[in-house]
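Here the structure comes first, spelled out in structure tokens, and everything after it is commentary.
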Amino acid sequence: MSEKLSSGALETIMRGGEYTEPVVQVLSIKKMNSGSGQPEKDRYRIYLSDGQYTVSHAMMTAQIYAKAGPKGLPRFSIIKIIRSMTSVINNTDGRDSRVLLILDLELLKDGDEVGVKIGDPIPYSEAASARPKPSGTGPSTSVQAEVEPVAKRMKLATNGTNGTYDGNTTLGGHITHPISSLSPYHNKWIIKVRVMSKSDIRKWENARGSGQLFSVDLCDESGEIRLTAFGTTVDKYYDVIQVDKVYYISKCQVKPANKQFNTVKNDYEMTMTSDTIVEECLDDDMKNLQIQYNFVDIAKIAEVEPNSTVDVFAIAKSYGEVNSFQAKTTGRELKKREVQLVDKSNATITLTLWGQQAENFNGFDNPVVLLKGARVTEFGGGKNLGTTSSTLMKVNPDMEESFTLKGWFTSAGSSALYNDLSARTAGGGTGSYNTPWLTFKEVIDQQLGSINTASGDYYMVKATVLLIRSENSIYKACPTDGCNKKVVDNNDGTYRCEKCQQDFQNYKFRLLCSMNVGDWSGNQWVSMFSDEAEKVIGMSAQEVGELGERDPDGLSKMMESLNFKEFILKCRAKMETYNDEQRLKTVAVKVDPINYKEYNAYLAKKIRDLIA
DNA sequence: CCCCCCCC
């Protein structure tokens, strides 16, 4: 039994037409080394037959070749071409011809089993097929119209011109290369690509100088790549290159990608040079090539690792104003806007937009928001989304799914209850999500208190109460809600709050306890305000205050009785200068009973880390 | 040639 070849398929394809999953025969195959020494970069040139015509201008990458299986593609193998693209080549004699790039295939029958060439195919050439066919024996006449010369469809942009079209330098009609074939070893190529995303223009100034840049992430059917423009090419191309449009691009510098900063799936990235040519392709025949999204339900982001990127398709349930502030680390002026996203997974997450994206965002009327490559972050135990320079955001994208989602929101989503992934859990539990667990010795060794000098350094510790100072642990405070300022006794039955600038008939007791706490490695004096001290003492500040007034010895005894109690503390350490002396001031900002499940999980992890 | 992706 023999497989039936798709007679005529290759002619259709090589004329730029579509043919769904043609079945063809491999007549020979030849490996072409990339010269890079990396086998995965090798290409295979393949000689194909559909039983009617043969095509020798066909290629595939090593990755696609590997799909044939361990035996590869022996002569006479029959394959199904699942995906392919052609590149137009403009020969020196002015005629178009095409190269077929196979992007996916399936081996139907091993060549060793087939054993013969099927049919009596003749070499395909555009010239031959364009000729009037000999009656009876020639190929079918149902071919598409001749490929339209591309040059007249081109607009714009060769280097150094005022934008007028120069017929000699247009890229359309020349061979185009797949992104996957780009490497630093070849520089004569033209790619035809869709712009997936475009960054803001960023200006910088550092020790090595100053400048400006922007970058675009590009894709074609074979892959994706980042292109960055510096200096004057920024001015020249920033407005020209637009997201979602298709361009011919040539003469860029190709270099190994810095994977640390570039998550685009390519070993290389590109930089524009003064020779770079960018031309918009107006006859977008890359309809097949749409940007690929891998949407994740908002609820699922709970399980996503921080710092990874996700694609999200959601509704902006609400949005805030643009806020400006100075970055603590760089001093740079930052602008952000927070948007509340919801989707059918009944979860909500906060999206933070930055820079231009924040300014331009219009969240009126609960638009659909599409994000590609949004960054997942963790804060206070909750998850957030943020945009980066390479995040693509579309508001109300022109897609059928937009209507579906919008319909869901209008009918059900606007009144649904959502699980808030961005909710911070520091208020419950021990809030240990971002705060490191340390011993008191590590706190000293790592010089906590001197790292983040503005806000202090936080750490978690399991600590034992060694001594609580009962003297000066209680004070009379302003009765105004939330004031808590110490009042001055006017000695006339009234009490003065300087902060509220008011005299009161009464006061409330507050605690400011200084206590020495320790673990196996050392000890530390910490101070604790009312809310936390009450949890250690097990009495309200009011009760403690009244006890102190009534029975100072009883207060001391009570405080002593607390020794050797254990708690989980969240501490803030800050180095302060006092009388020209540096000392570490520590506030226990949170006190919790020991949650053994959580604490043991931390210990178990610590043991695993020690073993590893 | 950047390489920051920020803040609470």
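In the structure tokens, chains take letters A, B, ... by order of appearance, with residues numbered from 1 within each chain and ligands from 1 in the order shown.
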
task: Output the contact residues of chain A with respect to chain B at a cut-off of 9 Å, based on only C-alpha atoms (C1' of nucleotides), as a PyMOL selection string.
output: chain A and resi 202+204+208-213+230-231+258+260-262+325-330+332+334+336+354+379+386-389

task: Write out as a PyMOL selection string all residues of segment 216-304 of chain A that backbone DSSP assigns to strand (DSSP E or B).
output: chain A and resi 216-220+223-230+246-256+268-280+295

- request: From a DSSP pass on the backbone, collect the residues of segment 408-528 of chain A flagged as helix (DSSP H, G or I) and hand them back as a ChimeraX atom specification.
  value: /A:408-411,413-415,440-445

Residue subset to file, keeping all heavy atoms, as a short mmCIF file (atom, residue, chain, number, x, y, z; two decimals), in the first residue's frame:
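Okay, this is what ended up in out_12.cif:
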data_model
loop_
_atom_site.label_atom_id
_atom_site.label_comp_id
_atom_site.auth_asym_id
_atom_site.auth_seq_id
_atom_site.Cartn_x
_atom_site.Cartn_y
_atom_site.Cartn_z
N TRP A 408 -19.62 38.76 29.37
CA TRP A 408 -19.59 38.10 30.67
C TRP A 408 -19.55 39.13 31.78
O TRP A 408 -20.27 39.04 32.77
CB TRP A 408 -18.37 37.18 30.77
CG TRP A 408 -18.01 36.88 32.19
CD1 TRP A 408 -18.59 35.96 33.01
CD2 TRP A 408 -17.01 37.54 32.97
NE1 TRP A 408 -18.03 36.01 34.25
CE2 TRP A 408 -17.04 36.97 34.25
CE3 TRP A 408 -16.09 38.55 32.70
CZ2 TRP A 408 -16.20 37.38 35.27
CZ3 TRP A 408 -15.25 38.98 33.71
CH2 TRP A 408 -15.30 38.39 34.98
N PHE A 409 -18.72 40.15 31.60
CA PHE A 409 -18.57 41.15 32.67
C PHE A 409 -19.87 41.91 32.89
O PHE A 409 -20.31 42.11 34.01
CB PHE A 409 -17.44 42.12 32.36
CG PHE A 409 -17.20 43.10 33.46
CD1 PHE A 409 -16.54 42.71 34.61
CD2 PHE A 409 -17.66 44.41 33.36
CE1 PHE A 409 -16.33 43.60 35.65
CE2 PHE A 409 -17.45 45.30 34.41
CZ PHE A 409 -16.79 44.90 35.55
N THR A 410 -20.49 42.30 31.78
CA THR A 410 -21.73 43.07 31.88
C THR A 410 -22.81 42.27 32.58
O THR A 410 -23.53 42.78 33.43
CB THR A 410 -22.20 43.48 30.47
OG1 THR A 410 -21.09 44.08 29.79
CG2 THR A 410 -23.33 44.46 30.54
N SER A 411 -22.91 40.98 32.22
CA SER A 411 -24.02 40.18 32.75
C SER A 411 -23.74 39.65 34.16
O SER A 411 -24.63 39.61 34.98
CB SER A 411 -24.32 39.03 31.81
OG SER A 411 -23.21 38.17 31.75
N GLY A 413 -20.02 39.49 35.66
CA GLY A 413 -18.73 39.83 36.26
C GLY A 413 -18.71 41.09 37.09
O GLY A 413 -17.97 41.21 38.05
N SER A 414 -19.55 42.06 36.70
CA SER A 414 -19.47 43.35 37.38
C SER A 414 -19.94 43.25 38.83
O SER A 414 -19.59 44.07 39.66
CB SER A 414 -20.28 44.40 36.63
OG SER A 414 -21.61 43.95 36.47
N SER A 415 -20.77 42.23 39.12
CA SER A 415 -21.27 42.13 40.49
C SER A 415 -20.72 40.90 41.22
O SER A 415 -21.14 40.60 42.32
CB SER A 415 -22.80 42.06 40.46
OG SER A 415 -23.19 40.99 39.63
N PHE A 440 19.76 36.08 65.83
CA PHE A 440 20.28 37.37 66.29
C PHE A 440 21.76 37.55 65.92
O PHE A 440 22.21 38.66 65.70
CB PHE A 440 20.06 37.54 67.80
CG PHE A 440 18.62 37.77 68.14
CD1 PHE A 440 17.92 36.91 68.97
CD2 PHE A 440 17.95 38.87 67.61
CE1 PHE A 440 16.58 37.14 69.28
CE2 PHE A 440 16.61 39.11 67.91
CZ PHE A 440 15.93 38.23 68.74
N LYS A 441 22.46 36.44 65.84
CA LYS A 441 23.87 36.54 65.43
C LYS A 441 23.96 36.97 63.96
O LYS A 441 24.77 37.83 63.61
CB LYS A 441 24.58 35.19 65.64
CG LYS A 441 26.06 35.24 65.30
CD LYS A 441 26.77 33.95 65.71
CE LYS A 441 28.28 34.05 65.54
NZ LYS A 441 28.68 34.36 64.17
N GLU A 442 23.09 36.39 63.15
CA GLU A 442 23.09 36.77 61.73
C GLU A 442 22.72 38.24 61.55
O GLU A 442 23.22 38.91 60.64
CB GLU A 442 22.12 35.88 60.95
CG GLU A 442 22.64 34.46 60.74
CD GLU A 442 21.58 33.53 60.17
OE1 GLU A 442 20.40 33.64 60.52
OE2 GLU A 442 21.96 32.66 59.36
N VAL A 443 21.84 38.73 62.41
CA VAL A 443 21.43 40.13 62.33
C VAL A 443 22.67 41.02 62.50
O VAL A 443 22.85 42.00 61.76
CB VAL A 443 20.38 40.46 63.41
CG1 VAL A 443 20.16 41.96 63.53
CG2 VAL A 443 19.07 39.75 63.08
N ILE A 444 23.53 40.66 63.44
CA ILE A 444 24.76 41.43 63.67
C ILE A 444 25.76 41.20 62.53
O ILE A 444 26.29 42.15 61.96
CB ILE A 444 25.40 41.04 65.02
CG1 ILE A 444 24.40 41.29 66.17
CG2 ILE A 444 26.70 41.80 65.25
CD1 ILE A 444 23.91 42.72 66.30
N ASP A 445 25.98 39.92 62.20
CA ASP A 445 26.96 39.60 61.16
C ASP A 445 26.62 40.26 59.82
O ASP A 445 27.50 40.69 59.09
CB ASP A 445 27.05 38.07 60.96
CG ASP A 445 27.68 37.38 62.17
OD1 ASP A 445 28.26 38.11 63.01
OD2 ASP A 445 27.58 36.15 62.26
#

query: What lies within 10 Å of Ile13 of chain A using only C-alpha atoms (C1' of nucleotides), ignoring chain neighbours under 4 positions off, as a ChimeraX atom specification?
result: /A:8-9,17-20,22,84-86,98-100,143-144

message: Please compute the atom CA of Asp365 of chain A-atom CA of Gly320 of chain A distance, one decimal, in Å.
response: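 So the two atoms, atom CA of Asp365 of chain A and atom CA of Gly320 of chain A, lie 13.5 Å apart.
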
task: Excluding Thr350 of chain A and residues on its chain fewer than 4 positions from it, collect all residues at most 7 Å away from it, counting only C-alpha atoms (C1' of nucleotides), and give them as a list in words.
output: Glu338, Val339, Gln340, Leu341, Asn384, Leu385 and Ser422 of chain A

- line: Between A:Ala412, A:Leu101, A:Leu555, A:Leu5, smallest distance to Met539 of chain A by only C-alpha atoms belongs to A:Leu555

message: Set the distance at 10 Å and use only C-alpha atoms (C1' of nucleotides): which residues neighbour Gly69 of chain A once local chain neighbours fewer than 4 positions away are removed? I'd like the list as a list in words.
response: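 Surrounding residues, per the criterion: Ile64, Tyr65, Leu73, Glu106 and Leu107 of chain A.
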
Same residues, all heavy atoms, saved as a PDB file, in the first residue's frame:
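Done, and the output landed in again-v1.pdb:
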ATOM      1  N   ILE A  64      13.310  20.839  13.218  1.00  0.00           N
ATOM      2  CA  ILE A  64      12.194  20.267  12.456  1.00  0.00           C
ATOM      3  C   ILE A  64      12.598  18.887  11.935  1.00  0.00           C
ATOM      4  O   ILE A  64      11.822  17.932  11.965  1.00  0.00           O
ATOM      5  CB  ILE A  64      11.785  21.195  11.300  1.00  0.00           C
ATOM      6  CG1 ILE A  64      11.433  22.582  11.841  1.00  0.00           C
ATOM      7  CG2 ILE A  64      10.624  20.608  10.516  1.00  0.00           C
ATOM      8  CD1 ILE A  64      10.360  22.588  12.919  1.00  0.00           C
ATOM      9  N   TYR A  65      13.850  18.778  11.484  1.00  0.00           N
ATOM     10  CA  TYR A  65      14.340  17.497  10.992  1.00  0.00           C
ATOM     11  C   TYR A  65      14.224  16.423  12.074  1.00  0.00           C
ATOM     12  O   TYR A  65      13.858  15.279  11.810  1.00  0.00           O
ATOM     13  CB  TYR A  65      15.799  17.646  10.543  1.00  0.00           C
ATOM     14  CG  TYR A  65      16.386  16.371   9.969  1.00  0.00           C
ATOM     15  CD1 TYR A  65      15.998  15.922   8.713  1.00  0.00           C
ATOM     16  CD2 TYR A  65      17.317  15.624  10.695  1.00  0.00           C
ATOM     17  CE1 TYR A  65      16.524  14.749   8.181  1.00  0.00           C
ATOM     18  CE2 TYR A  65      17.853  14.461  10.177  1.00  0.00           C
ATOM     19  CZ  TYR A  65      17.456  14.024   8.910  1.00  0.00           C
ATOM     20  OH  TYR A  65      17.970  12.867   8.403  1.00  0.00           O
ATOM     21  N   LEU A  73      15.194  11.216   7.740  1.00  0.00           N
ATOM     22  CA  LEU A  73      14.361  11.121   6.537  1.00  0.00           C
ATOM     23  C   LEU A  73      15.133  10.406   5.434  1.00  0.00           C
ATOM     24  O   LEU A  73      15.707  11.051   4.555  1.00  0.00           O
ATOM     25  CB  LEU A  73      13.941  12.511   6.068  1.00  0.00           C
ATOM     26  CG  LEU A  73      12.936  13.264   6.939  1.00  0.00           C
ATOM     27  CD1 LEU A  73      12.771  14.699   6.438  1.00  0.00           C
ATOM     28  CD2 LEU A  73      11.583  12.549   6.962  1.00  0.00           C
ATOM     29  N   GLU A 106       5.348  15.766   9.501  1.00  0.00           N
ATOM     30  CA  GLU A 106       5.094  14.478  10.116  1.00  0.00           C
ATOM     31  C   GLU A 106       5.561  13.399   9.143  1.00  0.00           C
ATOM     32  O   GLU A 106       5.247  13.456   7.949  1.00  0.00           O
ATOM     33  CB  GLU A 106       3.584  14.335  10.391  1.00  0.00           C
ATOM     34  CG  GLU A 106       3.222  13.048  11.099  1.00  0.00           C
ATOM     35  CD  GLU A 106       1.705  12.876  11.180  1.00  0.00           C
ATOM     36  OE1 GLU A 106       0.981  13.897  11.156  1.00  0.00           O
ATOM     37  OE2 GLU A 106       1.261  11.726  11.226  1.00  0.00           O
ATOM     38  N   LEU A 107       6.319  12.441   9.639  1.00  0.00           N
ATOM     39  CA  LEU A 107       6.774  11.341   8.783  1.00  0.00           C
ATOM     40  C   LEU A 107       5.625  10.345   8.644  1.00  0.00           C
ATOM     41  O   LEU A 107       5.115   9.817   9.628  1.00  0.00           O
ATOM     42  CB  LEU A 107       7.986  10.667   9.433  1.00  0.00           C
ATOM     43  CG  LEU A 107       8.520   9.420   8.712  1.00  0.00           C
ATOM     44  CD1 LEU A 107       9.004   9.768   7.306  1.00  0.00           C
ATOM     45  CD2 LEU A 107       9.624   8.759   9.517  1.00  0.00           C
TER      46      LEU A 107
END
